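Okay, work_4.cif now, which holds mmCIF, C-alpha atoms and all ligand atoms:
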```cif
data_input
loop_
_atom_site.label_atom_id
_atom_site.label_comp_id
_atom_site.auth_asym_id
_atom_site.auth_seq_id
_atom_site.Cartn_x
_atom_site.Cartn_y
_atom_site.Cartn_z
CA MET A 1 114.62 76.44 36.93
CA THR A 2 118.27 76.93 36.03
CA PHE A 3 120.50 73.92 35.48
CA SER A 4 123.77 74.72 37.11
CA ARG A 5 126.71 72.58 36.06
CA PRO A 6 126.81 70.57 39.30
CA ALA A 7 123.08 69.89 39.01
CA LEU A 8 123.51 68.59 35.47
CA CYS A 9 126.39 66.35 36.44
CA SER A 10 125.24 64.99 39.75
CA SER A 11 121.48 64.61 39.59
CA VAL A 12 120.40 64.75 35.95
CA PHE A 13 123.51 63.52 34.18
CA PRO A 14 125.03 61.10 36.72
CA THR A 15 128.65 60.41 35.99
CA SER A 16 129.50 56.99 34.72
CA CYS A 17 131.70 54.60 36.68
CA VAL A 18 133.80 54.08 33.54
CA SER A 19 137.19 55.78 33.78
CA ALA A 20 138.07 58.78 31.63
CA CYS A 21 140.73 56.73 29.78
CA SER A 22 138.36 53.97 28.80
CA LEU A 23 135.84 56.58 27.64
CA VAL A 24 138.43 58.13 25.34
CA ALA A 25 139.21 54.64 24.04
CA LEU A 26 135.50 54.14 23.38
CA ALA A 27 135.39 57.36 21.42
CA PHE A 28 138.18 56.08 19.17
CA VAL A 29 136.27 52.82 18.72
CA THR A 30 133.14 54.71 17.69
CA GLY A 31 135.19 56.85 15.33
CA VAL A 32 134.02 60.26 16.54
CA LEU A 33 137.13 61.51 18.32
CA LEU A 34 140.57 61.25 16.77
CA PRO A 35 144.09 61.93 18.00
CA SER A 36 145.72 64.78 16.10
CA PRO A 37 147.88 62.79 13.61
CA CYS A 38 144.82 60.98 12.27
CA GLN A 39 142.90 64.17 12.30
CA ALA A 40 145.54 65.81 10.12
CA GLN A 41 145.37 62.91 7.68
CA ASP A 42 141.59 63.12 7.61
CA ALA A 43 141.80 66.85 6.94
CA ALA A 44 144.01 66.22 3.92
CA VAL A 45 141.64 63.68 2.41
CA GLN A 46 138.37 65.37 3.17
CA PRO A 47 138.28 68.41 0.84
CA ALA A 48 138.94 66.23 -2.20
CA ALA A 49 136.13 63.86 -1.19
CA GLU A 50 133.76 66.78 -0.73
CA GLU A 51 134.67 68.31 -4.07
CA ARG A 52 134.00 65.00 -5.80
CA ALA A 53 130.66 64.71 -4.02
CA ALA A 54 129.73 68.28 -4.96
CA SER A 55 130.46 67.72 -8.61
CA THR A 56 128.00 64.80 -8.80
CA GLU A 57 125.10 66.57 -7.14
CA SER A 58 122.67 69.24 -8.18
CA GLU A 59 122.62 72.55 -6.29
CA ALA A 60 120.11 73.28 -3.55
CA ARG A 61 116.67 74.32 -4.75
CA PRO A 62 115.00 77.43 -3.33
CA ALA A 63 113.07 76.65 -0.15
CA ASP A 64 109.66 77.70 -1.49
CA GLU A 65 109.83 75.04 -4.20
CA THR A 66 110.08 72.24 -1.62
CA ALA A 67 107.69 73.41 1.08
CA ASN A 68 104.51 71.58 0.05
CA GLU A 69 105.91 68.71 -1.93
CA GLN A 70 105.40 65.03 -1.28
CA LYS A 71 108.02 63.29 0.81
CA PRO A 72 111.10 62.82 -1.42
CA LYS A 73 111.91 59.35 -2.69
CA GLU A 74 115.49 59.20 -1.51
CA LYS A 75 118.05 56.40 -1.58
CA ALA A 76 120.76 56.08 1.07
CA ARG A 77 123.34 58.75 0.37
CA LYS A 78 127.12 58.73 0.64
CA SER A 79 127.05 62.51 0.30
CA TYR A 80 124.62 65.41 0.27
CA LEU A 81 125.15 68.80 -1.38
CA GLY A 82 128.92 68.40 -1.23
CA ARG A 83 129.14 66.96 2.30
CA VAL A 84 130.22 63.38 2.95
CA VAL A 85 127.69 61.63 5.23
CA ALA A 86 129.13 60.06 8.42
CA LYS A 87 128.26 56.59 9.70
CA PRO A 88 126.04 56.47 12.82
CA MET A 89 127.88 56.10 16.10
CA SER A 90 127.44 52.61 17.53
CA HIS A 91 125.61 51.94 20.80
CA LEU A 92 128.81 50.17 21.93
CA GLY A 93 130.27 53.63 22.52
CA ALA A 94 127.27 54.95 24.46
CA SER A 95 129.31 55.47 27.66
CA TRP A 96 131.29 58.17 25.83
CA LEU A 97 128.08 60.19 25.50
CA VAL A 98 127.72 60.40 29.28
CA ARG A 99 131.43 60.92 30.05
CA PRO A 100 131.95 63.04 33.16
CA GLU A 101 133.89 65.77 31.34
CA ARG A 102 131.31 66.27 28.58
CA ASP A 103 129.52 69.20 30.20
CA GLN A 104 132.75 71.09 30.70
CA GLU A 105 134.11 70.33 27.21
CA GLU A 106 130.96 71.28 25.32
CA ASN A 107 129.38 73.60 27.88
CA ALA A 108 126.18 71.60 27.63
CA SER A 109 124.62 73.51 30.54
CA GLU A 110 124.86 76.74 28.57
CA SER A 111 123.41 75.17 25.41
CA PHE A 112 120.61 73.76 27.52
CA GLN A 113 119.73 77.19 28.90
CA LYS A 114 119.71 78.66 25.38
CA LEU A 115 117.03 76.16 24.34
CA ASP A 116 114.67 78.29 26.45
CA LEU A 117 112.47 75.35 27.42
CA LYS A 118 109.25 75.95 29.37
CA PRO A 119 106.97 73.66 31.38
CA GLY A 120 104.28 72.06 29.21
CA MET A 121 106.25 72.13 25.95
CA VAL A 122 106.25 69.14 23.61
CA LEU A 123 109.83 68.31 22.64
CA CYS A 124 111.76 65.80 20.58
CA ASP A 125 115.31 64.63 21.17
CA LEU A 126 116.06 63.17 17.74
CA GLY A 127 118.99 60.76 17.74
CA CYS A 128 118.73 60.71 21.52
CA GLY A 129 121.34 57.99 22.13
CA ASN A 130 121.24 56.98 25.78
CA GLY A 131 119.50 60.21 26.76
CA TYR A 132 122.19 62.64 27.89
CA TRP A 133 119.89 65.47 26.74
CA THR A 134 116.51 63.73 27.02
CA LEU A 135 116.52 63.48 30.81
CA PRO A 136 117.06 67.18 31.59
CA MET A 137 114.60 68.07 28.83
CA ALA A 138 111.95 65.87 30.46
CA ARG A 139 112.57 67.46 33.85
CA LYS A 140 112.29 70.95 32.44
CA VAL A 141 108.93 70.48 30.63
CA GLY A 142 107.45 68.58 33.58
CA GLU A 143 104.51 66.19 33.65
CA GLU A 144 102.29 68.47 31.56
CA GLY A 145 104.87 68.38 28.77
CA ALA A 146 106.45 65.47 26.90
CA VAL A 147 109.67 64.44 25.18
CA TYR A 148 109.69 62.13 22.18
CA ALA A 149 113.07 60.38 22.31
CA VAL A 150 113.88 58.94 18.89
CA ASP A 151 116.74 56.69 17.86
CA ILE A 152 117.32 54.01 15.23
CA GLN A 153 119.29 51.73 17.59
CA PRO A 154 117.02 49.79 19.99
CA GLN A 155 120.00 49.32 22.30
CA MET A 156 120.26 53.10 22.74
CA LEU A 157 116.55 53.30 23.62
CA GLN A 158 116.99 50.45 26.10
CA LYS A 159 119.78 52.38 27.85
CA LEU A 160 117.66 55.53 27.78
CA ARG A 161 114.70 53.69 29.40
CA GLN A 162 116.96 52.41 32.19
CA ARG A 163 118.22 55.92 32.92
CA ALA A 164 114.70 57.43 32.77
CA ASP A 165 113.41 54.77 35.20
CA GLN A 166 116.32 55.42 37.54
CA PHE A 167 115.19 59.04 37.84
CA GLY A 168 111.45 58.29 37.83
CA LEU A 169 110.76 60.30 34.66
CA LYS A 170 107.36 59.44 33.21
CA ASN A 171 107.00 61.98 30.40
CA ILE A 172 109.53 60.44 27.98
CA ARG A 173 108.14 58.63 24.92
CA PRO A 174 110.84 56.43 23.36
CA VAL A 175 110.35 55.98 19.61
CA LEU A 176 112.25 53.53 17.42
CA GLY A 177 112.71 55.52 14.22
CA THR A 178 114.00 54.33 10.87
CA ILE A 179 116.81 55.79 8.78
CA ASP A 180 114.34 57.92 6.79
CA ASP A 181 111.48 58.45 9.25
CA PRO A 182 111.55 59.57 12.90
CA LYS A 183 107.88 58.52 13.23
CA LEU A 184 106.74 61.75 14.86
CA PRO A 185 103.20 63.13 15.07
CA GLU A 186 102.28 65.92 12.67
CA ASN A 187 102.25 69.59 13.76
CA GLU A 188 102.96 68.84 17.44
CA ILE A 189 106.59 69.56 18.30
CA ASP A 190 107.54 72.91 19.87
CA LEU A 191 111.27 72.20 19.82
CA LEU A 192 113.19 69.37 18.19
CA LEU A 193 116.78 68.98 19.34
CA MET A 194 119.51 67.25 17.33
CA VAL A 195 122.90 67.05 19.02
CA ASP A 196 125.71 65.61 16.94
CA VAL A 197 123.20 63.62 14.90
CA TYR A 198 122.13 65.34 11.70
CA HIS A 199 125.44 64.73 9.89
CA GLU A 200 124.84 60.96 10.35
CA PHE A 201 121.55 60.90 8.40
CA SER A 202 121.83 58.68 5.34
CA HIS A 203 118.49 60.17 4.16
CA PRO A 204 118.81 63.87 5.09
CA GLN A 205 116.07 65.13 2.76
CA SER A 206 113.53 62.57 3.97
CA MET A 207 114.39 63.26 7.61
CA LEU A 208 114.10 67.04 7.13
CA TRP A 209 110.78 66.57 5.34
CA GLU A 210 109.42 64.58 8.32
CA ILE A 211 110.94 66.99 10.86
CA ARG A 212 109.37 69.99 9.11
CA ARG A 213 106.01 68.26 9.13
CA SER A 214 106.26 67.48 12.87
CA LEU A 215 106.82 71.12 13.94
CA THR A 216 104.09 73.51 15.05
CA PRO A 217 104.02 76.78 13.04
CA THR A 218 106.22 78.42 15.67
CA GLY A 219 108.18 75.24 16.44
CA VAL A 220 111.95 75.16 15.96
CA VAL A 221 114.77 72.74 15.27
CA ALA A 222 117.70 73.30 17.64
CA LEU A 223 120.77 72.00 15.85
CA LEU A 224 124.09 71.40 17.61
CA GLU A 225 126.98 70.36 15.37
CA TYR A 226 130.74 70.47 15.97
CA ARG A 227 132.36 73.42 14.16
CA LYS A 228 134.15 72.23 11.04
CA GLU A 229 135.72 75.66 10.58
CA ASP A 230 137.72 75.24 13.81
CA PRO A 231 140.63 72.77 13.57
CA SER A 232 141.15 72.96 17.33
CA VAL A 233 137.88 71.06 17.95
CA PRO A 234 139.20 67.49 18.51
CA ILE A 235 136.55 65.65 16.53
CA LYS A 236 136.92 63.72 13.27
CA LEU A 237 136.11 65.92 10.24
CA LEU A 238 133.23 63.75 9.05
CA HIS A 239 131.48 64.43 12.35
CA LYS A 240 131.75 68.22 12.00
CA MET A 241 129.76 70.66 9.86
CA SER A 242 130.40 74.20 8.65
CA LYS A 243 127.74 76.84 9.18
CA ARG A 244 127.67 77.49 5.45
CA GLN A 245 126.91 73.84 4.73
CA ILE A 246 124.19 73.73 7.39
CA MET A 247 122.53 76.81 5.87
CA LYS A 248 122.69 75.28 2.40
CA GLU A 249 121.04 72.02 3.47
CA TYR A 250 118.33 73.54 5.68
CA GLN A 251 117.33 76.29 3.25
CA ALA A 252 117.05 73.69 0.50
CA ASN A 253 114.53 71.80 2.58
CA GLY A 254 112.05 74.47 3.63
CA PHE A 255 113.68 75.94 6.75
CA LYS A 256 114.89 79.41 7.74
CA LEU A 257 117.37 80.43 10.43
CA VAL A 258 115.57 82.31 13.23
CA ARG A 259 118.12 82.33 16.06
CA GLU A 260 121.70 81.28 16.78
CA TYR A 261 124.10 81.15 19.70
CA ASN A 262 127.76 81.44 18.80
CA GLU A 263 129.53 81.39 22.15
CA LEU A 264 129.98 77.64 22.70
CA PRO A 265 133.52 76.24 22.82
CA TRP A 266 133.09 73.52 20.18
CA GLN A 267 129.70 73.70 18.52
CA HIS A 268 127.35 75.72 16.35
CA LEU A 269 123.93 76.13 17.95
CA MET A 270 121.40 77.14 15.29
CA PHE A 271 117.61 77.38 15.46
CA PHE A 272 115.56 76.77 12.33
CA ALA A 273 111.82 77.23 11.80
CA ARG A 274 109.60 76.20 8.89
CA ASP A 275 109.91 78.73 6.09
CA ASP A 276 106.17 79.52 6.47
CA SER A 277 106.56 80.24 10.20
CA PRO A 278 105.67 83.71 11.57
CA LEU A 279 109.13 83.78 13.20
CA GLU A 280 111.48 86.24 11.54
CA ALA A 281 114.48 85.01 9.57
CA ILE A 282 117.98 86.20 10.52
CA GLU A 283 121.34 86.16 8.76
CA PRO A 284 124.00 83.88 10.28
CA GLU A 285 127.07 85.51 11.79
CA PRO A 286 130.10 84.39 9.71
CA THR A 287 132.13 81.80 11.59
CA ASP A 288 135.49 83.55 11.03
CA GLN A 289 134.02 86.52 12.89
CA VAL A 290 132.75 84.23 15.66
CA LEU A 291 136.11 82.52 16.04
CA LYS A 292 137.92 85.82 16.24
CA ARG A 293 135.62 86.93 19.00
CA ILE A 294 135.78 83.77 21.07
CA GLY A 295 139.50 83.34 20.36
CA THR A 296 140.02 79.73 19.29
CA ALA A 297 143.05 78.30 17.48
CA ALA A 298 141.44 78.75 14.06
CA ALA A 299 141.36 82.51 14.52
CA GLN A 300 145.13 82.84 15.02
C1 LIG B 1 126.64 60.71 18.24
S1 LIG B 1 125.16 60.02 18.86
C2 LIG B 1 124.49 61.42 19.76
C3 LIG B 1 123.47 61.02 20.81
C4 LIG B 1 122.86 62.19 21.60
N1 LIG B 1 122.22 63.14 20.73
C5 LIG B 1 123.89 62.88 22.46
O1 LIG B 1 124.29 64.00 22.12
O2 LIG B 1 124.27 62.31 23.48
C6 LIG B 1 124.13 59.95 17.40
C7 LIG B 1 122.86 59.14 17.57
O3 LIG B 1 122.00 59.41 16.44
C8 LIG B 1 121.36 58.21 16.08
N2 LIG B 1 120.89 58.30 14.69
C9 LIG B 1 121.61 58.26 13.55
N3 LIG B 1 120.79 58.35 12.48
C10 LIG B 1 119.53 58.47 12.96
C11 LIG B 1 118.24 58.59 12.36
N4 LIG B 1 118.06 58.63 11.04
N5 LIG B 1 117.15 58.68 13.17
C12 LIG B 1 117.31 58.65 14.53
N6 LIG B 1 118.49 58.50 15.14
C13 LIG B 1 119.59 58.43 14.37
C14 LIG B 1 122.41 57.15 16.32
O4 LIG B 1 121.84 55.87 16.45
C15 LIG B 1 123.08 57.65 17.62
O5 LIG B 1 122.46 57.12 18.75
#
```

Could you write out this file's structure as structure tokens?
Amino acid sequence: MTFSRPALCSSVFPTSCVSACSLVALAFVTGVLLPSPCQAQDAAVQPAAEERAASTESEARPADETANEQKPKEKARKSYLGRVVAKPMSHLGASWLVRPERDQEENASESFQKLDLKPGMVLCDLGCGNGYWTLPMARKVGEEGAVYAVDIQPQMLQKLRQRADQFGLKNIRPVLGTIDDPKLPENEIDLLLMVDVYHEFSHPQSMLWEIRRSLTPTGVVALLEYRKEDPSVPIKLLHKMSKRQIMKEYQANGFKLVREYNELPWQHLMFFARDDSPLEAIEPEPTDQVLKRIGTAAAQ
């Protein structure tokens, strides 16, 4: 089944009754979206903060050294491998996640198609929020499949349950995770989606250790993060990631890149498998090349 944009908006992602203006205001409250003057200020501060963070941390270890280790004992981090960790978005801004214009801005329908979901698959929407992605995922895998919907904010799961009930979806399993454990079963997940979530993890190594353990040998992580390399993406810098940084963090934690989709307006879409997976590793396409091709402001 193909999810056309109208189908996503009208039946699976019903539009909220909140006006566009109040949704933008909510985004400012949650600190994800910034008007350009603040964004410029943020951009000036950010590199220095990252350099400081990088100088206090050790470099990434090769993936094969981490693959079979015990779960790392990790304290809450302010930064990881040179990247400053963002604060989780509050449930008070949940309406922004289901704003009517989201599909058009991010081309969520196209990302959804690229996930290549099939009936019967076992999925996880990690950091599911109020379920913008969880609901179409549940529809796609059908009753013989399942979607673990994990979040650390019970209020987000409550909103997700309400939306799932509204559409009569019975194959969603809400899970209240913790900051260092998504509480997933071992070796069961065919695809684990993280949309605009990973950069908020205060315990990225612990989370990646648990995620790796939850995947089947051919299972993949589908990671969507706003492109840090593109200044025209109107999102606060702390909530963006560069492809280079993503590669550094995932390779250091026992993952390899197996697929990517570089045609989205705002985001990287990267697929990672366990480094012992039979899936073949690929090299990432450099983002400057991508931006030139798709013609965003950063390329000019
Ligand atoms: C920006 S929202 C994105 C929600 C959803 N993925 C979407 O695209 O609509 C990020 C969500 O990740 C959740 N989150 C942050 N850290 C988490 C963690 N360690 N485990 C699970 N969820 C987490 C937050 O509570 C928040 O609901």

Let me know the centre plus edge lengths, in Å and rounded to one decimal, of a box with edges along x, y and z that contains all listed atoms of ligand LIG 1 (chain B) and is padded by 6 Å on every side, as lines of an AutoDock Vina configuration file.
```
center_x = 121.9
center_y = 59.9
center_z = 17.3
size_x = 21.5
size_y = 20.1
size_z = 24.4
```

### Task
Using all atoms listed in the file, determine which residues fall within 8 Å of ligand LIG 1 (chain B), then list them as a count of residues only.
41

### Query
Could you pull the residues within 10 Å of stretch 283-298 of chain A, counting all atoms listed in the file, minus those fewer than 2 positions along the same chain, as number ranges by chain?
A: 227-233, 242-244, 247, 256-266, 268, 270, 281, 300

### Query
What does the distance from atom CA of A:Glu110 to atom CA of A:Ser277 come to in Å, to one decimal?
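Rounded to one decimal, the two atoms are 26.2 Å apart.
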
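Taking atom CA of A:Val220 and atom CA of A:Phe271 as endpoints, the distance between them is 6.1 Å.
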
### Task
Choose the residue, out of A:Pro100, A:Gly254, A:Gly93, A:Pro278, that has the smallest atom-to-atom separation from A:Ser206; count only C-alpha atoms.
A:Gly254

### Query
Do you have the atom CA of A:Gly168-atom CA of A:Lys114 distance handy?
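Pair atom CA of A:Gly168 / atom CA of A:Lys114 returns 25.3 Å.
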
### Query
Could you name the residues that touch A:Leu184 at 8 Å or less, counting only C-alpha atoms, but leaving out those on the same chain fewer than 5 positions away, as a ChimeraX atom specification?
/A:148,210-211,214

### Message
Given all atoms listed in the file as the basis, pick out the residue of A:Gln251, A:Pro174, A:Trp209, A:Ala149 nearest to A:Lys73.
### Response
A:Trp209

### Task
Go through A:Leu169, A:Lys236, A:Gln162, A:Val122 one by one, measure the shortest atom-to-atom distance of each to A:Val147 using only C-alpha atoms, and give the residue with the smallest value.
A:Val122
